[in-house]
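Just start.cif here, mmCIF, C-alpha atoms:
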```cif
data_work
loop_
_atom_site.label_atom_id
_atom_site.label_comp_id
_atom_site.auth_asym_id
_atom_site.auth_seq_id
_atom_site.Cartn_x
_atom_site.Cartn_y
_atom_site.Cartn_z
CA MET A 133 -0.78 -60.99 -31.16
CA ALA A 134 -0.72 -57.34 -30.12
CA ILE A 135 -1.46 -54.58 -32.65
CA MET A 136 0.39 -51.40 -31.74
CA LYS A 137 -0.63 -47.89 -32.71
CA ARG A 138 1.74 -45.07 -33.61
CA GLY A 139 3.62 -43.99 -30.49
CA ALA A 140 2.94 -47.20 -28.58
CA ASN A 141 5.86 -49.06 -27.07
CA VAL A 142 6.53 -52.41 -25.51
CA ALA A 143 9.28 -53.65 -23.22
CA LEU A 144 10.61 -56.58 -25.19
CA THR A 145 13.27 -58.03 -22.91
CA ARG A 146 11.39 -57.27 -19.73
CA GLU A 147 8.37 -59.21 -21.01
CA ILE A 148 10.47 -62.07 -22.35
CA ARG A 149 13.49 -62.51 -20.13
CA HIS A 150 15.25 -65.03 -22.36
CA LEU A 151 14.80 -62.95 -25.54
CA ARG A 152 18.21 -62.73 -27.18
CA SER A 153 17.60 -62.05 -30.86
CA ILE A 154 14.69 -60.61 -32.78
CA VAL A 155 13.60 -60.35 -36.37
CA VAL A 156 12.05 -57.11 -37.53
CA GLY A 157 9.82 -57.65 -40.54
CA VAL A 158 8.42 -54.97 -42.83
CA SER A 159 5.49 -55.83 -45.04
CA ILE A 160 3.66 -53.75 -47.60
CA ASN A 161 0.75 -53.97 -49.98
CA ALA A 162 1.15 -51.73 -53.00
CA GLY A 163 -1.62 -53.29 -55.05
CA SER A 164 -0.72 -53.32 -58.71
CA GLU A 165 1.88 -50.57 -58.35
CA LYS A 166 4.87 -52.67 -59.32
CA VAL A 167 7.06 -49.63 -59.87
CA LEU A 168 6.40 -48.65 -56.28
CA THR A 169 7.32 -52.08 -54.95
CA ASP A 170 10.44 -52.26 -57.11
CA ASN A 171 11.77 -49.01 -55.71
CA LEU A 172 10.98 -49.46 -52.03
CA VAL A 173 14.03 -49.87 -49.84
CA VAL A 174 14.10 -50.89 -46.19
CA ALA A 175 17.01 -49.62 -44.12
CA THR A 176 18.08 -49.91 -40.50
CA ILE A 177 20.08 -47.14 -38.84
CA LEU A 178 22.07 -47.79 -35.67
CA CYS A 179 22.27 -44.59 -33.65
CA ASP A 180 23.71 -43.21 -30.46
CA ALA A 181 21.67 -41.67 -27.68
CA ASN A 182 21.26 -38.50 -29.75
CA SER A 183 19.68 -40.45 -32.60
CA LYS A 184 22.71 -39.95 -34.85
CA ALA A 185 24.15 -42.81 -36.87
CA LEU A 186 27.40 -44.18 -35.49
CA SER A 187 28.92 -44.21 -38.98
CA ASP A 188 28.04 -44.82 -42.60
CA GLN A 189 28.69 -48.50 -41.91
CA HIS A 190 25.82 -48.49 -39.44
CA PHE A 191 23.28 -47.97 -42.20
CA VAL A 192 22.09 -51.47 -43.11
CA PHE A 193 20.27 -51.96 -46.41
CA PHE A 194 20.37 -54.13 -49.52
CA ASN A 195 23.85 -52.95 -50.50
CA GLN A 196 25.29 -53.19 -46.97
CA LEU A 197 23.65 -56.18 -45.39
CA SER A 198 25.36 -56.09 -42.00
CA THR A 199 26.96 -53.80 -39.50
CA PRO A 200 30.70 -54.31 -39.03
CA ASP A 201 30.06 -56.33 -35.84
CA LEU A 202 27.29 -58.39 -37.51
CA SER A 203 24.86 -57.65 -34.69
CA VAL A 204 22.31 -56.33 -37.19
CA SER A 205 21.86 -58.03 -40.54
CA GLN A 206 19.31 -57.71 -43.28
CA LEU A 207 18.38 -60.92 -45.02
CA GLU A 208 19.21 -61.10 -48.68
CA GLN A 209 15.78 -62.61 -49.19
CA ALA A 210 13.06 -62.32 -46.59
CA MET A 211 11.21 -65.40 -45.46
CA GLY A 212 7.44 -65.44 -45.34
CA PRO A 213 5.19 -62.50 -46.20
CA ASP A 214 7.57 -59.68 -45.35
CA LEU A 215 9.15 -57.44 -47.95
CA GLU A 216 12.34 -57.37 -45.90
CA GLN A 217 13.54 -58.82 -42.62
CA VAL A 218 16.28 -57.61 -40.33
CA GLU A 219 17.84 -59.75 -37.64
CA ILE A 220 19.05 -58.06 -34.49
CA ASP A 221 21.17 -59.89 -31.94
CA LEU A 222 20.31 -57.75 -28.93
CA HIS A 223 23.18 -59.08 -26.83
CA ASP A 224 25.76 -58.27 -29.50
CA VAL A 225 24.64 -54.73 -30.29
CA PRO A 226 27.57 -52.47 -29.34
CA PRO A 227 27.01 -50.52 -26.11
CA GLU A 228 27.37 -47.20 -27.94
CA VAL A 229 24.22 -48.02 -29.93
CA SER A 230 21.19 -46.74 -28.06
CA ARG A 231 18.53 -46.68 -30.74
CA ILE A 232 17.95 -48.75 -33.87
CA PHE A 233 15.57 -47.16 -36.35
CA VAL A 234 13.89 -49.06 -39.16
CA VAL A 235 12.89 -46.94 -42.14
CA ILE A 236 11.44 -47.40 -45.59
CA TYR A 237 12.05 -45.08 -48.54
CA LEU A 238 11.47 -44.79 -52.25
CA ASN A 239 14.71 -44.85 -54.17
CA GLU A 240 14.92 -41.70 -56.26
CA GLY A 241 16.24 -43.28 -59.39
CA ILE A 242 15.13 -43.57 -62.97
CA ALA A 243 11.52 -44.56 -62.33
CA ALA A 244 8.71 -42.05 -62.48
CA ASN A 245 7.86 -40.27 -59.27
CA ARG A 246 5.79 -42.12 -56.72
CA THR A 247 4.84 -41.45 -53.13
CA LEU A 248 4.14 -43.73 -50.20
CA ALA A 249 0.53 -42.51 -50.25
CA GLN A 250 0.04 -45.09 -52.99
CA LEU A 251 0.64 -47.86 -50.46
CA ARG A 252 -2.46 -49.66 -49.27
CA GLU A 253 -0.74 -51.13 -46.28
CA CYS A 254 2.58 -50.90 -44.49
CA THR A 255 3.34 -52.60 -41.19
CA ILE A 256 6.32 -53.40 -39.05
CA ARG A 257 6.41 -56.44 -36.79
CA VAL A 258 8.80 -58.03 -34.33
CA LEU A 259 9.44 -61.76 -34.13
CA ASN A 260 11.46 -63.82 -31.71
CA LEU A 261 14.32 -65.22 -33.77
CA GLU A 262 14.22 -68.32 -31.65
CA GLY A 263 11.01 -70.00 -32.72
CA ASN A 264 9.93 -67.36 -35.21
CA ALA A 265 6.92 -66.38 -33.13
CA GLU A 266 5.43 -62.98 -33.84
CA LEU A 267 5.56 -60.80 -30.74
CA VAL A 268 4.00 -57.53 -31.81
CA ARG A 269 2.80 -55.86 -34.99
CA SER A 270 2.06 -52.24 -35.81
CA GLU A 271 -1.16 -50.85 -37.13
CA ASN A 272 -1.27 -49.96 -40.81
CA LEU A 273 1.22 -47.10 -41.10
CA ALA A 274 0.19 -46.25 -44.67
CA THR A 275 -2.97 -44.51 -43.53
CA GLY A 276 -2.79 -40.74 -43.59
CA LEU A 277 0.22 -40.52 -45.88
CA GLU A 278 0.10 -37.88 -48.63
CA HIS A 279 3.35 -36.71 -50.21
CA GLU A 280 5.80 -38.74 -48.16
CA THR A 281 8.58 -40.65 -49.88
CA ALA A 282 10.19 -42.01 -46.72
CA LEU A 283 8.84 -43.26 -43.43
CA VAL A 284 10.39 -44.06 -40.07
CA LEU A 285 8.49 -47.18 -39.12
CA GLY A 286 9.74 -47.91 -35.64
CA GLU A 287 12.67 -48.15 -33.31
CA ILE A 288 14.25 -50.66 -30.96
CA TYR A 289 15.89 -48.80 -28.12
CA ARG A 290 17.65 -49.33 -24.84
CA ASN A 291 15.82 -48.63 -21.61
CA GLY A 292 18.25 -49.32 -18.81
CA ILE A 293 19.27 -52.92 -19.21
CA ASP A 294 16.22 -53.71 -21.33
CA TRP A 295 15.30 -53.26 -24.97
CA LYS A 296 12.00 -51.72 -25.97
CA PHE A 297 10.20 -51.42 -29.30
CA LYS A 298 8.22 -48.39 -30.36
CA VAL A 299 6.02 -47.80 -33.39
CA ILE A 300 6.75 -44.40 -34.93
CA GLY A 301 5.19 -43.92 -38.38
CA ASP A 302 6.71 -40.47 -39.10
CA GLY A 303 6.73 -39.59 -42.79
CA TYR A 304 9.25 -37.51 -44.76
CA SER A 305 8.34 -35.68 -47.94
CA THR A 306 12.08 -35.13 -48.46
CA GLY A 307 12.71 -38.84 -48.83
CA ILE A 308 15.89 -40.59 -47.84
CA ALA A 309 17.76 -37.28 -48.04
CA GLY A 310 15.60 -35.95 -45.20
CA ILE A 311 16.10 -39.07 -43.12
CA ALA A 312 19.85 -39.02 -43.77
CA ALA A 313 20.03 -35.38 -42.66
CA ASP A 314 18.12 -36.06 -39.45
CA PHE A 315 20.08 -39.17 -38.52
CA GLY A 316 23.50 -37.89 -39.58
CA VAL A 317 24.01 -40.37 -42.41
CA ARG A 318 26.36 -39.19 -45.17
CA LEU A 319 25.01 -40.32 -48.51
CA MET B 215 3.83 -64.51 -24.70
CA VAL B 216 6.07 -67.05 -26.43
CA PRO B 217 6.02 -70.74 -25.62
CA SER B 218 9.24 -71.78 -23.97
CA ASN B 219 9.35 -74.91 -26.08
CA ALA B 220 9.20 -72.99 -29.38
CA LEU B 221 11.23 -74.58 -32.13
CA PRO B 222 14.43 -72.83 -33.22
CA ARG B 223 14.13 -70.73 -36.35
CA THR B 224 15.53 -72.78 -39.19
CA ASP B 225 14.39 -70.80 -42.20
CA LEU B 226 17.33 -68.45 -42.40
CA PRO B 227 20.20 -70.53 -43.70
CA TYR B 228 22.07 -67.60 -45.20
CA LEU B 229 22.94 -65.96 -41.95
CA ARG B 230 23.12 -69.17 -39.98
CA ARG B 231 26.19 -70.10 -41.95
CA ARG B 232 27.90 -66.76 -41.64
CA ALA B 233 31.03 -66.74 -39.59
CA ARG B 234 31.92 -63.78 -37.53
CA PRO B 235 35.28 -62.25 -38.44
CA VAL B 236 38.13 -63.45 -36.35
CA VAL B 237 39.81 -60.68 -34.46
CA VAL B 238 43.53 -61.28 -34.35
CA VAL B 239 45.31 -59.33 -31.69
CA ALA B 240 49.07 -59.24 -32.15
CA PRO B 241 50.95 -59.70 -28.88
CA ALA B 242 52.71 -56.61 -27.72
CA ALA B 243 56.44 -56.78 -28.37
CA ALA B 244 58.51 -56.98 -25.25
CA PRO B 245 60.87 -54.06 -24.82
CA SER B 246 64.37 -54.98 -25.86
CA PRO B 247 66.84 -54.93 -23.03
CA THR B 248 69.67 -54.04 -25.38
CA ALA B 249 70.23 -50.83 -27.22
CA VAL B 250 69.76 -50.90 -30.97
CA ALA B 251 71.56 -48.64 -33.38
CA PRO B 252 69.13 -46.28 -35.16
CA ALA B 253 70.25 -47.50 -38.56
CA ALA B 254 69.18 -50.99 -37.65
CA LEU B 255 65.69 -49.97 -36.75
CA ALA B 256 63.17 -51.31 -39.22
CA PRO B 257 60.02 -49.32 -39.87
CA ALA B 258 57.30 -50.21 -37.42
CA ALA B 259 55.00 -52.84 -38.83
CA VAL B 260 51.65 -51.35 -39.67
CA PRO B 261 48.83 -53.73 -38.71
CA VAL B 262 46.59 -54.55 -41.64
CA THR B 263 43.25 -53.38 -40.41
CA ALA B 264 39.92 -54.30 -41.92
CA GLU B 265 39.61 -50.68 -43.00
CA ARG B 266 42.77 -50.86 -45.08
CA ALA B 267 41.99 -54.26 -46.48
CA LEU B 268 38.54 -53.21 -47.66
CA ARG B 269 39.50 -49.81 -48.97
CA PRO B 270 42.46 -50.02 -51.29
CA PHE B 271 41.45 -46.96 -53.30
CA ALA B 272 40.84 -43.31 -52.67
CA ARG B 273 37.43 -42.31 -51.40
CA THR B 274 35.24 -39.42 -52.35
CA ARG B 275 34.64 -36.87 -49.68
CA PHE B 276 31.10 -36.05 -48.62
CA ARG B 277 29.69 -33.36 -50.93
CA ALA B 278 33.16 -32.66 -52.29
CA VAL B 279 34.64 -32.61 -55.77
CA THR B 280 37.19 -35.29 -56.57
CA ALA B 281 39.30 -34.94 -59.70
CA LEU B 282 40.47 -38.09 -61.44
CA THR B 283 43.76 -37.64 -63.25
CA PRO B 284 46.33 -39.99 -64.79
CA LYS B 285 48.24 -39.82 -61.49
CA THR B 286 45.16 -40.42 -59.35
CA PRO B 287 42.97 -42.42 -61.69
CA THR B 288 40.61 -44.25 -59.34
CA VAL B 289 38.12 -43.52 -56.66
CA THR B 290 35.86 -45.94 -54.78
CA LEU B 291 32.36 -45.01 -53.73
CA THR B 292 31.07 -46.20 -50.37
CA ARG B 293 28.30 -48.76 -50.25
CA LEU B 294 25.84 -45.95 -49.55
CA GLN B 295 27.08 -43.84 -52.44
CA SER B 296 26.90 -46.97 -54.60
CA GLY B 297 23.39 -47.96 -53.55
CA VAL B 298 21.24 -44.88 -52.95
CA GLY B 299 19.45 -42.88 -55.64
CA MET B 300 21.12 -42.78 -59.02
CA LEU B 301 24.54 -42.13 -60.45
CA GLN B 302 24.55 -39.39 -63.06
CA ILE B 303 27.34 -39.26 -65.66
CA GLU B 304 27.34 -36.04 -67.69
CA ALA B 305 29.52 -34.94 -70.57
CA ALA B 306 29.74 -31.25 -69.73
CA CYS B 307 31.07 -29.87 -73.00
CA GLY B 308 30.53 -26.66 -74.91
CA ASP B 309 29.42 -26.45 -78.54
CA ALA B 310 33.00 -25.80 -79.65
CA VAL B 311 33.84 -29.45 -79.04
CA GLY B 312 31.57 -30.55 -81.86
CA ASP B 313 28.70 -33.02 -82.03
CA LEU B 314 29.93 -35.04 -79.05
CA ARG B 315 27.73 -37.88 -77.87
CA ILE B 316 27.97 -40.22 -74.88
CA GLY B 317 27.38 -43.93 -74.62
CA CYS B 318 28.39 -46.88 -72.50
CA ALA B 319 28.98 -50.57 -72.84
CA TYR B 320 27.81 -52.54 -69.85
CA GLN B 321 27.72 -56.03 -68.43
CA LEU B 322 25.11 -57.17 -65.92
CA THR B 323 25.52 -59.99 -63.41
CA SER B 324 22.88 -61.88 -65.37
CA GLY B 325 25.34 -62.02 -68.25
CA VAL B 326 23.49 -59.48 -70.36
CA THR B 327 25.96 -57.25 -72.17
CA SER B 328 25.16 -54.46 -74.59
CA VAL B 329 25.41 -50.77 -75.26
CA VAL B 330 23.35 -47.78 -74.18
CA ALA B 331 23.59 -44.71 -76.42
CA ARG B 332 20.83 -42.27 -77.27
CA THR B 333 21.93 -41.73 -80.85
CA SER B 334 22.17 -45.46 -81.49
CA GLY B 335 18.49 -45.78 -80.66
CA VAL B 336 19.22 -47.88 -77.57
CA ASN B 337 18.59 -45.60 -74.66
CA LEU B 338 17.69 -48.26 -72.09
CA GLY B 339 19.81 -51.01 -70.64
CA PRO B 340 18.72 -53.74 -70.94
CA PRO B 341 17.03 -52.72 -74.19
CA GLY B 342 13.27 -52.25 -73.87
CA SER B 343 13.33 -52.97 -70.15
CA SER B 344 10.41 -51.74 -68.03
CA ARG B 345 12.91 -51.33 -65.20
CA PRO B 346 16.18 -50.28 -66.79
CA VAL B 347 19.45 -50.28 -64.90
CA LEU B 348 20.90 -47.70 -67.30
CA VAL B 349 19.40 -44.84 -69.29
CA ALA B 350 21.01 -42.57 -71.88
CA ARG B 351 19.33 -39.19 -72.24
CA ARG B 352 19.96 -35.51 -72.79
CA ALA B 353 19.28 -32.90 -70.15
CA GLN B 354 21.58 -29.88 -70.05
CA PHE B 355 24.27 -32.15 -71.50
CA GLU B 356 24.48 -35.64 -72.88
CA GLU B 357 24.20 -37.97 -69.90
CA LEU B 358 23.94 -41.51 -68.63
CA VAL B 359 22.06 -42.51 -65.50
CA VAL B 360 22.55 -45.66 -63.41
CA ASP B 361 19.67 -46.77 -61.17
CA LEU B 362 21.49 -47.61 -57.96
CA ALA B 363 18.52 -49.50 -56.52
CA GLN B 364 19.66 -52.16 -58.98
CA VAL B 365 23.38 -51.81 -58.41
CA ARG B 366 23.63 -55.47 -57.45
CA ASP B 367 22.69 -56.30 -61.05
CA LEU B 368 25.56 -54.28 -62.47
CA GLU B 369 28.92 -55.93 -63.12
CA ARG B 370 30.77 -53.18 -64.98
CA LEU B 371 30.48 -50.48 -67.59
CA VAL B 372 32.73 -48.24 -69.66
CA VAL B 373 31.73 -44.76 -70.78
CA TYR B 374 32.76 -43.64 -74.25
CA LEU B 375 32.45 -40.40 -76.18
CA TYR B 376 32.31 -39.97 -79.92
CA SER B 377 31.18 -37.71 -82.75
CA GLU B 378 27.70 -38.38 -84.07
CA SER B 379 28.78 -37.41 -87.60
CA ASP B 380 32.19 -39.11 -87.32
CA ALA B 381 33.77 -35.67 -87.62
CA ALA B 382 36.92 -34.70 -85.76
CA LEU B 383 36.16 -33.50 -82.24
CA ARG B 384 38.04 -30.64 -80.62
CA TRP B 385 38.20 -32.44 -77.30
CA GLY B 386 37.52 -30.44 -74.18
CA GLY B 387 35.09 -30.15 -71.33
CA THR B 388 34.64 -32.40 -68.32
CA LEU B 389 32.99 -35.70 -67.57
CA VAL B 390 31.09 -35.22 -64.31
CA VAL B 391 29.86 -38.12 -62.18
CA THR B 392 27.42 -37.12 -59.44
CA THR B 393 26.18 -39.28 -56.58
CA PHE B 394 22.83 -38.90 -54.84
CA GLY B 395 24.60 -37.15 -51.97
CA GLN B 396 26.09 -34.62 -54.42
CA ALA B 397 29.66 -35.89 -54.30
CA GLU B 398 31.19 -35.09 -57.68
CA ILE B 399 33.91 -36.93 -59.51
CA ARG B 400 35.33 -35.00 -62.45
CA LEU B 401 37.75 -35.88 -65.18
CA ALA B 402 39.00 -33.65 -67.96
CA LEU B 403 38.24 -34.58 -71.56
CA ASP B 404 41.34 -32.93 -72.97
CA ARG B 405 43.00 -34.52 -75.98
CA ALA B 406 44.29 -33.46 -79.36
CA GLN B 407 41.66 -33.06 -82.05
CA SER B 408 40.74 -36.46 -83.47
CA THR B 409 38.05 -38.62 -84.99
CA GLY B 410 38.51 -41.54 -82.62
CA VAL B 411 36.33 -42.79 -79.81
CA MET B 412 37.44 -41.75 -76.33
CA VAL B 413 36.89 -44.26 -73.55
CA ALA B 414 36.89 -41.91 -70.60
CA LEU B 415 35.73 -43.88 -67.58
CA SER B 416 35.19 -47.41 -66.37
CA VAL B 417 32.99 -48.41 -63.45
CA TYR B 418 33.39 -51.77 -61.73
CA ASN B 419 31.15 -53.16 -59.01
CA LEU B 420 33.47 -54.71 -56.46
CA GLY B 421 31.35 -56.35 -53.80
CA GLY B 422 28.83 -53.53 -53.69
CA GLU B 423 31.31 -50.68 -53.99
CA LEU B 424 31.59 -48.93 -57.32
CA VAL B 425 35.16 -48.26 -58.40
CA LEU B 426 35.51 -45.45 -60.92
CA ARG B 427 38.62 -45.33 -63.07
CA HIS B 428 39.85 -42.63 -65.39
CA GLU B 429 40.71 -44.51 -68.60
CA ASP B 430 41.61 -41.71 -71.01
CA ALA B 431 42.04 -44.09 -73.94
CA GLU B 432 41.38 -43.29 -77.57
CA VAL B 433 40.44 -46.13 -79.89
CA GLU B 434 40.21 -45.95 -83.68
CA PRO B 435 37.99 -46.05 -85.54
CA SER B 436 34.63 -47.12 -84.12
CA VAL B 437 32.50 -47.60 -81.03
CA ARG B 438 32.56 -51.32 -81.68
CA ASP B 439 36.36 -51.34 -81.64
CA ALA B 440 36.39 -49.36 -78.42
CA CYS B 441 34.03 -51.83 -76.77
CA VAL B 442 36.06 -54.82 -77.92
CA ALA B 443 39.24 -53.17 -76.69
CA PHE B 444 37.74 -53.06 -73.20
CA GLY B 445 36.63 -56.68 -73.22
CA PHE B 446 33.07 -56.30 -74.43
CA ASP B 447 33.50 -58.90 -77.14
CA GLN B 448 30.18 -60.65 -76.58
CA ILE B 449 28.08 -57.84 -78.09
CA SER B 450 26.55 -58.46 -81.51
CA TRP B 451 26.47 -55.44 -83.80
CA LEU B 452 24.27 -54.11 -86.60
CA ASP B 453 27.00 -51.72 -87.62
CA SER B 454 30.07 -50.16 -86.09
CA ARG B 455 28.01 -48.18 -83.60
CA THR B 456 24.64 -49.90 -83.18
CA PRO B 457 24.20 -53.11 -81.17
CA LEU B 458 21.88 -55.86 -82.27
CA VAL B 459 19.05 -56.02 -79.74
#
```

Turn the structure described in the file into structure tokens.
Amino acid sequence: MAIMKRGANVALTREIRHLRSIVVGVSINAGSEKVLTDNLVVATILCDANSKALSDQHFVFFNQLSTPDLSVSQLEQAMGPDLEQVEIDLHDVPPEVSRIFVVIYLNEGIAANRTLAQLRECTIRVLNLEGNAELVRSENLATGLEHETALVLGEIYRNGIDWKFKVIGDGYSTGIAGIAADFGVRL
Amino acid sequence: MVPSNALPRTDLPYLRRRARPVVVVAPAAAPSPTAVAPAALAPAAVPVTAERALRPFARTRFRAVTALTPKTPTVTLTRLQSGVGMLQIEAACGDAVGDLRIGCAYQLTSGVTSVVARTSGVNLGPPGSSRPVLVARRAQFEELVVDLAQVRDLERLVVYLYSESDAALRWGGTLVVTTFGQAEIRLALDRAQSTGVMVALSVYNLGGELVLRHEDAEVEPSVRDACVAFGFDQISWLDSRTPLV
């Protein structure tokens, strides 16, 4: 299994020619910080070539589990050790979607303020949906975080006729509002 | 990298059973060879799109103010507006109104039903929860807050307003609902002076979208009666205002 550092990328469909669908898993270790775990939300944003969301319906999270075309779906309950899992049918992703970002954020609700710096571990991994084999996994993206309340974990993006995966690990101290502003999502 | 004889993934039954929506394309009507009198022309059939089927109510506009009135009583939040951050419900009223207080009766998908009201001593819903779905508190005004990270647990709620001392209120001011993205939904709290309980707003969770409805109903004489009038008849009460928890 390959461990990828921030900025590293891998050519998924060029390495595995028959790869049709993948599962993106996000796992965390928050120790005893249950409030932190309770308020963590994983979201997937389907974007055009300019990294802008196609529409509000292309923001997949617990309250909108699929895109309208069902090419990207978040499981209601993740299997295995992941906090959340997102299935992506690479062949069915609409052609206007160039980049698919996976993010994690702290919901700014009733609970007392927390930051992602309290996470001990946060990783993103990619599995082959067919067979459930883990293909790649990121390094621990929780290291170096300070005041961030949202984090872009990685992206799956088109490269010609192929799909690639890249580990990002960029934090936002402005939370989901900052991510929404950057990716053109209207909250 | 991956063995070609890997077994198919069988641990995801939820999505395996999902059917993709069937796209029905109506055949284009052939042009009529005969002339038709204008009076005989029926209005063109409007195809029922998924957009229309899923969105029967008015929407809020991004970062805009939407007024709910008796003529336009409902608005439906998007799934993002219904699931990100928190929903703040404020009773923006001046002192001239009187000792106005806010509360709400709620029902969770778990079946739990009760009341949240600061002056009733029950400011968390469910009561005593370490992770409440609803909180009643006072900031600039009396307010209720819904934790939208738990919106899937919420079935419905109604917001009511009343006098703490049971005195007559000189109704006025505005109930303001604010989403995380700063969309505002406002409804006027104008009524003749009275001692009754005003049920101002109901919120229903319809498949992940919160539907807000201007109720504008006055119920005499108590909070308990107002709750029962809106179907919250499973709540046990200590008195006419305080739920048994």

So the first atom is CA of Arg315 (chain B) and the second is CA of Ser436 (chain B); what is the distance between them in Å, to one decimal place?
13.1 Å

Run the PyMOL selection byres ((chain A and resi 293) around 12) on the file and write out the hits as a list of chain:residue names.
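In the shown coordinates, the PyMOL selection byres ((chain A and resi 293) around 12) covers A:Ala143, A:Leu144, A:Thr145, A:Arg146, A:Arg149, A:Leu222, A:His223, A:Pro227, A:Ser230, A:Tyr289, A:Arg290, A:Asn291, A:Gly292, A:Asp294, A:Trp295, A:Lys296.
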
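Nearest residue to Asn171 (chain A) among A:Leu319, A:Ala134, A:Ile236, A:Ile311 is A:Ile236, counting only C-alpha atoms.
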
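Residues matching the PyMOL selection byres ((chain A and resi 245) around 12) in this structure come to Glu165, Val167, Leu168, Asn171, Leu238, Asn239, Glu240, Gly241, Ile242, Ala243, Ala244, Arg246, Thr247, Leu248, Ala249, Gln250, His279, Glu280, Thr281 and Gly307 of chain A.
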
If I put a ball of radius 7 Å at (42.1, -42.9, -75.2) in the file's coordinates, which residues poke into it when counting all atoms listed in the file, written as number ranges by chain?
B: 412-413, 429-433

Rounded to one decimal place, report the CA of Ile399 (chain B)-CA of Thr280 (chain B) distance in Å.
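Separation of CA of Ile399 (chain B) and CA of Thr280 (chain B): 4.7 Å.
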
Could you pull region 401-431 of chain B out of the structure I just pasted and write it to a file containing C-alpha atoms, as an mmCIF file, in the first residue's frame?
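After the write, out.cif holds the following:
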```
data_model
loop_
_atom_site.group_PDB
_atom_site.id
_atom_site.type_symbol
_atom_site.label_atom_id
_atom_site.label_comp_id
_atom_site.auth_asym_id
_atom_site.auth_seq_id
_atom_site.Cartn_x
_atom_site.Cartn_y
_atom_site.Cartn_z
ATOM 1 C CA LEU B 401 -42.485 37.155 9.347
ATOM 2 C CA ALA B 402 -44.325 39.962 11.071
ATOM 3 C CA LEU B 403 -45.683 39.405 14.570
ATOM 4 C CA ASP B 404 -48.542 41.848 14.191
ATOM 5 C CA ARG B 405 -51.799 41.081 15.956
ATOM 6 C CA ALA B 406 -54.264 42.858 18.200
ATOM 7 C CA GLN B 407 -53.273 43.064 21.845
ATOM 8 C CA SER B 408 -54.063 39.782 23.580
ATOM 9 C CA THR B 409 -53.097 37.338 26.293
ATOM 10 C CA GLY B 410 -53.061 34.285 24.065
ATOM 11 C CA VAL B 411 -50.180 32.214 22.766
ATOM 12 C CA MET B 412 -49.148 32.966 19.195
ATOM 13 C CA VAL B 413 -47.961 30.038 17.116
ATOM 14 C CA ALA B 414 -45.925 31.899 14.539
ATOM 15 C CA LEU B 415 -43.987 29.320 12.556
ATOM 16 C CA SER B 416 -43.828 25.620 11.843
ATOM 17 C CA VAL B 417 -40.812 23.784 10.457
ATOM 18 C CA TYR B 418 -41.158 20.381 8.827
ATOM 19 C CA ASN B 419 -38.304 18.184 7.641
ATOM 20 C CA LEU B 420 -39.394 16.806 4.289
ATOM 21 C CA GLY B 421 -36.735 14.402 3.096
ATOM 22 C CA GLY B 422 -33.858 16.587 4.243
ATOM 23 C CA GLU B 423 -35.360 19.904 3.201
ATOM 24 C CA LEU B 424 -36.784 22.129 5.901
ATOM 25 C CA VAL B 425 -40.123 23.672 5.007
ATOM 26 C CA LEU B 426 -40.934 26.825 6.957
ATOM 27 C CA ARG B 427 -44.555 27.890 7.220
ATOM 28 C CA HIS B 428 -46.038 31.085 8.554
ATOM 29 C CA GLU B 429 -48.794 29.900 10.911
ATOM 30 C CA ASP B 430 -50.023 33.139 12.492
ATOM 31 C CA ALA B 431 -52.413 31.340 14.832
#
```
